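K.L.:
Sharing start-v4.tsv, TSV, C-alpha atoms:
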```tsv
chain	number	residue	atom	x	y	z
A	1	MET	CA	0.00	0.00	0.00
A	2	ALA	CA	1.41	3.40	-0.98
A	3	ASP	CA	2.26	5.92	1.72
A	4	ALA	CA	0.46	9.27	1.94
A	5	ARG	CA	3.61	11.37	1.51
A	6	PRO	CA	5.62	13.07	-1.25
A	7	LEU	CA	7.97	10.94	-3.30
A	8	ARG	CA	11.47	10.77	-1.82
A	9	LEU	CA	14.50	10.81	-4.11
A	10	LEU	CA	18.04	9.95	-3.09
A	11	ALA	CA	20.23	12.55	-4.80
A	12	LEU	CA	23.71	11.68	-6.08
A	13	HIS	CA	25.98	14.62	-6.83
A	14	GLY	CA	28.52	15.07	-9.61
A	15	TYR	CA	32.29	14.60	-9.50
A	16	ARG	CA	34.07	17.24	-7.39
A	17	GLN	CA	30.82	18.10	-5.61
A	18	SER	CA	29.37	16.97	-2.26
A	19	GLY	CA	25.96	16.34	-0.80
A	20	ARG	CA	25.88	19.81	0.69
A	21	ARG	CA	26.94	21.53	-2.52
A	22	PHE	CA	24.39	19.57	-4.55
A	23	HIS	CA	21.68	20.48	-2.04
A	24	GLN	CA	22.57	24.14	-2.52
A	25	ARG	CA	22.63	23.87	-6.30
A	26	THR	CA	19.23	22.17	-6.51
A	27	GLY	CA	17.32	24.79	-4.55
A	28	SER	CA	15.25	25.80	-7.58
A	29	LEU	CA	14.46	22.18	-8.38
A	30	ARG	CA	13.39	21.45	-4.81
A	31	LYS	CA	11.11	24.49	-4.94
A	32	ALA	CA	9.64	23.34	-8.26
A	33	LEU	CA	8.92	19.88	-6.85
A	34	ARG	CA	7.57	21.06	-3.49
A	35	GLY	CA	4.66	18.91	-2.40
A	36	ARG	CA	5.39	16.33	-5.08
A	37	ALA	CA	8.90	15.13	-4.23
A	38	GLU	CA	11.66	15.60	-1.67
A	39	LEU	CA	15.39	15.29	-2.33
A	40	LEU	CA	18.04	14.01	0.05
A	41	ALA	CA	21.62	14.40	-1.15
A	42	ILE	CA	24.38	12.21	0.24
A	43	ASP	CA	28.17	12.41	0.01
A	44	ALA	CA	30.21	10.17	-2.27
A	45	PRO	CA	32.62	8.10	-0.17
A	46	HIS	CA	35.83	9.16	-1.94
A	47	LEU	CA	37.66	12.45	-1.39
A	48	VAL	CA	39.00	14.16	-4.49
A	49	PRO	CA	42.23	16.20	-4.36
A	50	ALA	CA	41.21	19.78	-3.69
A	51	VAL	CA	42.24	22.76	-5.76
A	52	GLU	CA	43.27	26.12	-4.38
A	53	GLY	CA	40.33	28.10	-3.04
A	54	GLU	CA	37.98	25.19	-2.32
A	55	ALA	CA	36.36	25.15	1.12
A	56	SER	CA	38.26	22.79	3.40
A	57	ASP	CA	35.17	22.13	5.57
A	58	ASP	CA	33.33	20.63	2.59
A	59	PRO	CA	35.89	18.81	0.45
A	60	PRO	CA	35.06	17.68	-3.09
A	61	ARG	CA	34.15	14.05	-3.58
A	62	GLY	CA	33.71	11.45	-6.29
A	63	TRP	CA	31.98	8.11	-6.84
A	64	TRP	CA	34.88	6.41	-8.64
A	65	PHE	CA	38.17	7.22	-10.32
A	66	SER	CA	39.35	6.43	-13.83
A	67	ARG	CA	42.94	6.78	-12.61
A	68	PRO	CA	44.44	7.58	-9.18
A	69	GLY	CA	42.80	10.72	-7.81
A	70	ALA	CA	41.28	11.73	-11.14
A	71	PHE	CA	38.27	11.09	-13.34
A	72	GLU	CA	37.42	11.65	-16.99
A	73	ALA	CA	34.03	10.53	-18.31
A	74	SER	CA	35.29	9.72	-21.80
A	75	GLU	CA	38.21	7.62	-20.58
A	76	ALA	CA	38.07	3.83	-21.03
A	77	ALA	CA	39.85	3.25	-17.73
A	78	GLU	CA	41.61	-0.09	-17.48
A	79	GLN	CA	41.69	-0.02	-13.68
A	80	PRO	CA	38.79	2.07	-12.37
A	81	ALA	CA	38.71	2.31	-8.59
A	82	GLY	CA	36.08	2.98	-5.97
A	83	LEU	CA	32.81	1.91	-7.58
A	84	GLU	CA	32.02	-0.94	-5.19
A	85	GLU	CA	32.37	1.35	-2.17
A	86	SER	CA	29.98	3.81	-3.80
A	87	LEU	CA	27.40	1.14	-4.57
A	88	GLU	CA	27.64	0.08	-0.93
A	89	ALA	CA	27.19	3.71	0.17
A	90	VAL	CA	24.02	4.04	-1.92
A	91	ALA	CA	22.65	0.75	-0.60
A	92	ARG	CA	23.38	1.84	2.97
A	93	ALA	CA	21.67	5.22	2.47
A	94	LEU	CA	18.61	3.55	0.97
A	95	GLU	CA	18.38	1.24	3.98
A	96	GLU	CA	19.28	3.62	6.79
A	97	ARG	CA	17.74	6.89	5.55
A	98	GLY	CA	14.80	5.56	3.56
A	99	PRO	CA	12.27	4.84	2.44
A	100	PHE	CA	13.14	6.24	-0.98
A	101	ASP	CA	11.11	5.94	-4.15
A	102	GLY	CA	13.67	6.89	-6.78
A	103	LEU	CA	17.04	8.38	-7.60
A	104	LEU	CA	18.14	11.78	-8.87
A	105	GLY	CA	21.64	11.80	-10.29
A	106	PHE	CA	23.79	14.52	-11.83
A	107	SER	CA	26.81	13.89	-14.07
A	108	GLN	CA	28.96	11.18	-12.43
A	109	GLY	CA	26.19	10.71	-9.87
A	110	ALA	CA	23.75	10.11	-12.74
A	111	ALA	CA	26.12	7.54	-14.25
A	112	LEU	CA	26.20	5.79	-10.86
A	113	ALA	CA	22.41	5.98	-10.61
A	114	ALA	CA	22.14	4.27	-14.01
A	115	MET	CA	24.33	1.43	-12.71
A	116	VAL	CA	22.07	1.12	-9.67
A	117	CYS	CA	19.08	0.97	-12.03
A	118	ALA	CA	20.73	-1.89	-13.92
A	119	LEU	CA	21.28	-3.83	-10.71
A	120	ARG	CA	17.76	-3.10	-9.51
A	121	ALA	CA	16.27	-4.24	-12.82
A	122	ARG	CA	18.13	-7.54	-12.40
A	123	GLY	CA	16.52	-8.03	-9.00
A	124	ASP	CA	19.19	-6.71	-6.63
A	125	ARG	CA	17.22	-6.12	-3.42
A	126	ARG	CA	19.78	-3.68	-2.02
A	127	PHE	CA	18.30	-1.00	-4.28
A	128	PRO	CA	14.50	-0.76	-3.78
A	129	VAL	CA	13.82	2.16	-6.14
A	130	ALA	CA	11.16	2.46	-8.81
A	131	PHE	CA	12.67	5.06	-11.17
A	132	ALA	CA	15.54	7.46	-11.82
A	133	VAL	CA	15.96	11.03	-13.01
A	134	LEU	CA	19.33	11.29	-14.75
A	135	VAL	CA	20.75	14.74	-15.55
A	136	ALA	CA	23.87	15.01	-17.73
A	137	ALA	CA	24.39	11.27	-17.44
A	138	PHE	CA	26.75	8.99	-19.36
A	139	ALA	CA	27.74	5.35	-19.59
A	140	SER	CA	31.09	4.44	-18.08
A	141	ARG	CA	33.67	3.56	-20.73
A	142	ALA	CA	35.65	1.33	-18.34
A	143	PRO	CA	35.68	-2.30	-19.61
A	144	ALA	CA	35.05	-3.48	-16.05
A	145	HIS	CA	31.76	-1.55	-16.05
A	146	LEU	CA	30.37	-2.61	-19.43
A	147	HIS	CA	28.32	-5.40	-17.87
A	148	PHE	CA	25.90	-2.79	-16.54
A	149	TYR	CA	24.78	-2.02	-20.11
A	150	ARG	CA	24.75	-5.46	-21.76
A	151	GLU	CA	21.03	-5.95	-21.12
A	152	PRO	CA	18.33	-3.30	-21.63
A	153	ILE	CA	17.71	-1.60	-18.30
A	154	ALA	CA	14.03	-2.15	-17.55
A	155	LEU	CA	13.44	0.63	-15.02
A	156	PRO	CA	11.58	3.89	-15.78
A	157	SER	CA	14.00	6.74	-16.43
A	158	LEU	CA	13.96	10.44	-17.28
A	159	HIS	CA	17.09	11.67	-19.05
A	160	VAL	CA	17.80	15.41	-19.03
A	161	VAL	CA	20.28	16.45	-21.71
A	162	GLY	CA	21.95	19.83	-22.21
A	163	ASP	CA	22.44	20.66	-25.89
A	164	THR	CA	25.49	22.81	-25.10
A	165	ASP	CA	26.92	20.77	-22.23
A	166	ALA	CA	30.70	21.06	-22.59
A	167	VAL	CA	31.44	18.61	-19.74
A	168	ILE	CA	29.17	15.69	-20.66
A	169	ALA	CA	28.39	16.05	-24.36
A	170	ALA	CA	24.77	15.52	-25.35
A	171	HIS	CA	25.58	12.44	-27.44
A	172	LEU	CA	27.01	10.71	-24.35
A	173	SER	CA	23.75	11.22	-22.45
A	174	ALA	CA	21.74	10.07	-25.46
A	175	GLU	CA	23.90	6.96	-25.71
A	176	LEU	CA	23.12	6.03	-22.11
A	177	ALA	CA	19.39	6.68	-22.61
A	178	ARG	CA	19.37	4.07	-25.37
A	179	CYS	CA	20.48	1.48	-22.78
A	180	PHE	CA	17.10	1.86	-21.03
A	181	VAL	CA	13.73	0.43	-21.95
A	182	GLU	CA	11.39	3.24	-23.06
A	183	PRO	CA	13.44	6.14	-21.67
A	184	VAL	CA	11.92	9.60	-21.47
A	185	VAL	CA	14.39	12.16	-22.87
A	186	VAL	CA	14.06	15.91	-22.41
A	187	THR	CA	16.57	18.39	-23.78
A	188	HIS	CA	17.38	21.95	-22.84
A	189	PRO	CA	19.50	24.58	-24.60
A	190	GLY	CA	21.89	25.04	-21.68
A	191	GLY	CA	25.04	23.41	-20.40
A	192	HIS	CA	26.19	21.39	-17.39
A	193	PHE	CA	23.57	22.06	-14.73
A	194	VAL	CA	20.17	20.88	-13.50
A	195	PRO	CA	17.65	22.93	-15.52
A	196	VAL	CA	14.39	24.12	-14.00
A	197	ALA	CA	12.89	26.33	-16.72
A	198	ALA	CA	9.20	25.82	-17.40
A	199	PRO	CA	9.57	23.01	-19.99
A	200	GLN	CA	11.91	20.99	-17.80
A	201	LYS	CA	9.83	21.61	-14.67
A	202	GLN	CA	6.80	20.21	-16.47
A	203	ALA	CA	8.82	17.22	-17.67
A	204	TYR	CA	9.87	16.43	-14.08
A	205	LEU	CA	6.30	16.72	-12.82
A	206	ASP	CA	4.87	14.64	-15.66
A	207	PHE	CA	7.43	11.89	-15.11
A	208	LEU	CA	7.09	11.84	-11.32
A	209	GLY	CA	3.31	11.83	-11.68
A	210	ARG	CA	3.56	8.25	-12.94
A	211	PHE	CA	4.67	6.98	-9.53
A	212	CYS	CA	3.19	6.53	-6.07
A	213	PRO	CA	5.13	6.65	-2.79
A	214	GLY	CA	6.20	3.21	-1.68
A	215	GLN	CA	6.07	1.75	-5.17
A	216	GLY	CA	9.74	0.79	-5.22
A	217	GLN	CA	9.46	-1.15	-1.98
A	218	ALA	CA	6.30	-2.91	-3.12
A	219	GLU	CA	7.76	-4.09	-6.43
A	220	GLN	CA	10.72	-6.42	-6.61
A	221	PRO	CA	11.77	-6.98	-10.24
A	222	GLY	CA	13.43	-10.30	-10.72
A	223	ALA	CA	11.94	-11.78	-7.56
A	224	GLY	CA	11.76	-15.52	-7.87
A	225	ALA	CA	14.18	-15.60	-10.80
A	226	VAL	CA	16.79	-18.34	-10.90
```
Written as structure tokens, how would this file's structure read?
P.N.:
Amino acid sequence: MADARPLRLLALHGYRQSGRRFHQRTGSLRKALRGRAELLAIDAPHLVPAVEGEASDDPPRGWWFSRPGAFEASEAAEQPAGLEESLEAVARALEERGPFDGLLGFSQGAALAAMVCALRARGDRRFPVAFAVLVAAFASRAPAHLHFYREPIALPSLHVVGDTDAVIAAHLSAELARCFVEPVVVTHPGGHFVPVAAPQKQAYLDFLGRFCPGQGQAEQPGAGAV
């Protein structure tokens, strides 16, 4: 039975961000979704080397590295590091700070959210979510990660793509969207940020309107499979 509450989304920030920074940068989105959905941003488990001028009380973080202490989305990293710890961190947050209904990911956090969707669609009970909103997402090029995309990902997804994104090019986000079953894709004319102009706001509300609180916990894809 669905709960009488707003949807709750676990929010996964981008590389070199943090939960606190992502919370600050999604203020307009949280206002747009007020009454319909709530966001809770968590920190990635890995610290990223800081650059001069960054606040030391809120160090930048990442979900995995393509090489020691660094990350590049387009790199086919032979020895990526840190992903398992991040999957464990997401599973722990879903269990300890839930219930959650879906995921919101941005950039590297959206790439991680897509991997979680793949595991969920295969029946992994650590990740009881019903959908994902993926902003500036991409598929990892690391050979060790390609298994996430070998089967169509059968979980509802909204993909938000910036036509002029200079960090995660639009074609990378479109490529990931094609890994999902019946993805919803919305574009915007801007760059590398979470857009909340009227067309995108309506797209968020339309997509979230398909779901009821508690739906992810009630449904267990792959249950009973052998």
K.L.:
Set out as a tab-separated table a contact list for region 113-140 of chain A and region 192-203 of chain A with a cut-off of 12 Å, giving each residue of region 113-140 of chain A that qualifies its closest atom pair and distance in Å to one decimal, counting all atoms listed in the file, ordered by chain and rising residue number.
P.N.:
```
residue	atom	partner	partner_atom	distance
A:Val133	CA	A:Ala203	CA	10.5
A:Leu134	CA	A:Val194	CA	9.7
A:Val135	CA	A:Val194	CA	6.5
A:Ala136	CA	A:His192	CA	6.8
A:Ala137	CA	A:His192	CA	10.3
```
K.L.:
Using only C-alpha atoms, find each residue of region 92-192 of chain A with at least one atom at most 9 Å away from an atom of region 12-15 of chain A; report its shortest atom-to-atom pair and that distance in Å (one decimal), sort the rows by chain and rising residue number, and return the result as a tab-separated table.
P.N.:
```
residue	atom	partner	partner_atom	distance
A:Leu103	CA	A:Leu12	CA	7.6
A:Leu104	CA	A:Leu12	CA	6.2
A:Gly105	CA	A:Leu12	CA	4.7
A:Phe106	CA	A:Gly14	CA	5.3
A:Ser107	CA	A:Gly14	CA	4.9
A:Gln108	CA	A:Gly14	CA	4.8
A:Gly109	CA	A:Leu12	CA	4.6
A:Ala110	CA	A:Leu12	CA	6.8
A:Leu112	CA	A:Leu12	CA	8.0
A:Ala113	CA	A:Leu12	CA	7.4
```
K.L.:
Tell me, as a PyMOL selection string, which residues lie within 9 Å of region 173-177 of chain A, counting only C-alpha atoms; anything in the same chain fewer than 2 positions away does not count.
P.N.:
chain A and resi 111+114+134-139+149+157-162+168-171+179-185
K.L.:
Can you work out which one of A:Leu208, A:Leu7, A:Ile42, A:Leu29 has the shortest atom-to-atom distance to Arg92 (chain A), counting only C-alpha atoms?
P.N.:
A:Ile42
K.L.:
Identify which of the residues A:Leu172, A:Cys117, A:Ala70, A:Ala93 lies closest to Ala132 (chain A), counting only C-alpha atoms when measuring atom-to-atom distances.
P.N.:
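Between A:Leu172, A:Cys117, A:Ala70, A:Ala93, the residue approaching Ala132 (chain A) most closely is A:Cys117.
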K.L.:
Please indicate the distance in Å from CA of Gly82 (chain A) to CA of Phe131 (chain A), rounded to one decimal place.
P.N.:
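About the pair CA of Gly82 (chain A) and CA of Phe131 (chain A): they are 24.1 Å apart.
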K.L.:
Considering only C-alpha atoms, state which residue in the set A:Leu119, A:Pro6, A:His188, A:Ala142 is at the smallest distance from Leu155 (chain A).
P.N.:
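That would be A:Leu119, the residue with the smallest distance to Leu155 (chain A).
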K.L.:
Just how far from CA of Pro156 (chain A) is CA of Phe207 (chain A), in Å to one decimal?
P.N.:
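So the two atoms, CA of Phe207 (chain A) and CA of Pro156 (chain A), lie 9.0 Å apart.
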K.L.:
Please write out, as lines of an AutoDock Vina configuration file, where the centre of an axis-aligned box around all listed atoms of region 94-107 of chain A lies and how long its edges are, in Å to one decimal, after adding 6 Å on each side.
P.N.:
```
center_x = 19.0
center_y = 7.9
center_z = -3.6
size_x = 27.7
size_y = 25.3
size_z = 32.9
```
K.L.:
So the first atom is CA of Arg20 (chain A) and the second is CA of Ala41 (chain A); what is the distance between them in Å, to one decimal place?
P.N.:
7.1 Å
K.L.:
Compile the contact shell of Asp101 (chain A) as a list in words: residues with an atom at most 7 Å away, counting only C-alpha atoms, same-chain residues fewer than 6 positions apart removed.
P.N.:
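Listed by chain and then number, they are Leu7, Arg8, Leu9, Val129, Ala130, Pro213, Gly214, Gln215 and Gly216 of chain A.
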K.L.:
Find, counting all atoms listed in the file, the residue in A:Leu205, A:Ala89, A:Gly102, A:Lys31 that gets nearest to Arg120 (chain A).
P.N.:
A:Gly102
K.L.:
Have a look at A:Gly69, A:Ala4, A:Leu94, A:Ser86 and name the one nearest to Asp43 (chain A); count only C-alpha atoms.
P.N.:
A:Ser86
K.L.:
How about completing region 120-131 of chain A with N, CA, C and O atoms and giving it to me as a PDB file, in the frame of the given file?
P.N.:
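Result file follows (result27.pdb):
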```pdb
ATOM      1  N   ARG A 120      19.131  -2.984  -9.991  1.00  0.00           N
ATOM      2  CA  ARG A 120      17.760  -3.100  -9.510  1.00  0.00           C
ATOM      3  C   ARG A 120      16.898  -3.884 -10.501  1.00  0.00           C
ATOM      4  O   ARG A 120      16.110  -4.763 -10.125  1.00  0.00           O
ATOM      5  N   ALA A 121      17.068  -3.570 -11.796  1.00  0.00           N
ATOM      6  CA  ALA A 121      16.270  -4.240 -12.820  1.00  0.00           C
ATOM      7  C   ALA A 121      16.570  -5.741 -12.867  1.00  0.00           C
ATOM      8  O   ALA A 121      15.716  -6.530 -13.286  1.00  0.00           O
ATOM      9  N   ARG A 122      17.758  -6.117 -12.442  1.00  0.00           N
ATOM     10  CA  ARG A 122      18.130  -7.540 -12.400  1.00  0.00           C
ATOM     11  C   ARG A 122      17.680  -8.218 -11.109  1.00  0.00           C
ATOM     12  O   ARG A 122      17.925  -9.406 -10.916  1.00  0.00           O
ATOM     13  N   GLY A 123      17.057  -7.435 -10.210  1.00  0.00           N
ATOM     14  CA  GLY A 123      16.520  -8.030  -9.000  1.00  0.00           C
ATOM     15  C   GLY A 123      17.345  -7.834  -7.758  1.00  0.00           C
ATOM     16  O   GLY A 123      17.097  -8.492  -6.736  1.00  0.00           O
ATOM     17  N   ASP A 124      18.342  -6.943  -7.802  1.00  0.00           N
ATOM     18  CA  ASP A 124      19.190  -6.710  -6.630  1.00  0.00           C
ATOM     19  C   ASP A 124      18.371  -5.977  -5.561  1.00  0.00           C
ATOM     20  O   ASP A 124      18.007  -4.813  -5.713  1.00  0.00           O
ATOM     21  N   ARG A 125      18.110  -6.658  -4.464  1.00  0.00           N
ATOM     22  CA  ARG A 125      17.220  -6.120  -3.420  1.00  0.00           C
ATOM     23  C   ARG A 125      17.871  -5.041  -2.557  1.00  0.00           C
ATOM     24  O   ARG A 125      17.203  -4.441  -1.717  1.00  0.00           O
ATOM     25  N   ARG A 126      19.142  -4.773  -2.764  1.00  0.00           N
ATOM     26  CA  ARG A 126      19.780  -3.680  -2.020  1.00  0.00           C
ATOM     27  C   ARG A 126      19.271  -2.317  -2.489  1.00  0.00           C
ATOM     28  O   ARG A 126      19.465  -1.312  -1.784  1.00  0.00           O
ATOM     29  N   PHE A 127      18.635  -2.281  -3.661  1.00  0.00           N
ATOM     30  CA  PHE A 127      18.300  -1.000  -4.280  1.00  0.00           C
ATOM     31  C   PHE A 127      16.797  -0.922  -4.592  1.00  0.00           C
ATOM     32  O   PHE A 127      16.386  -0.983  -5.762  1.00  0.00           O
ATOM     33  N   PRO A 128      15.950  -0.770  -3.570  1.00  0.00           N
ATOM     34  CA  PRO A 128      14.500  -0.760  -3.780  1.00  0.00           C
ATOM     35  C   PRO A 128      13.979   0.591  -4.273  1.00  0.00           C
ATOM     36  O   PRO A 128      13.321   1.332  -3.552  1.00  0.00           O
ATOM     37  N   VAL A 129      14.298   0.915  -5.526  1.00  0.00           N
ATOM     38  CA  VAL A 129      13.820   2.160  -6.140  1.00  0.00           C
ATOM     39  C   VAL A 129      12.997   1.819  -7.366  1.00  0.00           C
ATOM     40  O   VAL A 129      13.193   0.782  -8.003  1.00  0.00           O
ATOM     41  N   ALA A 130      12.088   2.720  -7.714  1.00  0.00           N
ATOM     42  CA  ALA A 130      11.160   2.460  -8.810  1.00  0.00           C
ATOM     43  C   ALA A 130      11.497   3.216 -10.082  1.00  0.00           C
ATOM     44  O   ALA A 130      10.971   2.892 -11.150  1.00  0.00           O
ATOM     45  N   PHE A 131      12.386   4.226  -9.998  1.00  0.00           N
ATOM     46  CA  PHE A 131      12.670   5.060 -11.170  1.00  0.00           C
ATOM     47  C   PHE A 131      13.925   5.875 -10.907  1.00  0.00           C
ATOM     48  O   PHE A 131      14.442   5.916  -9.782  1.00  0.00           O
TER      49      PHE A 131
END
```
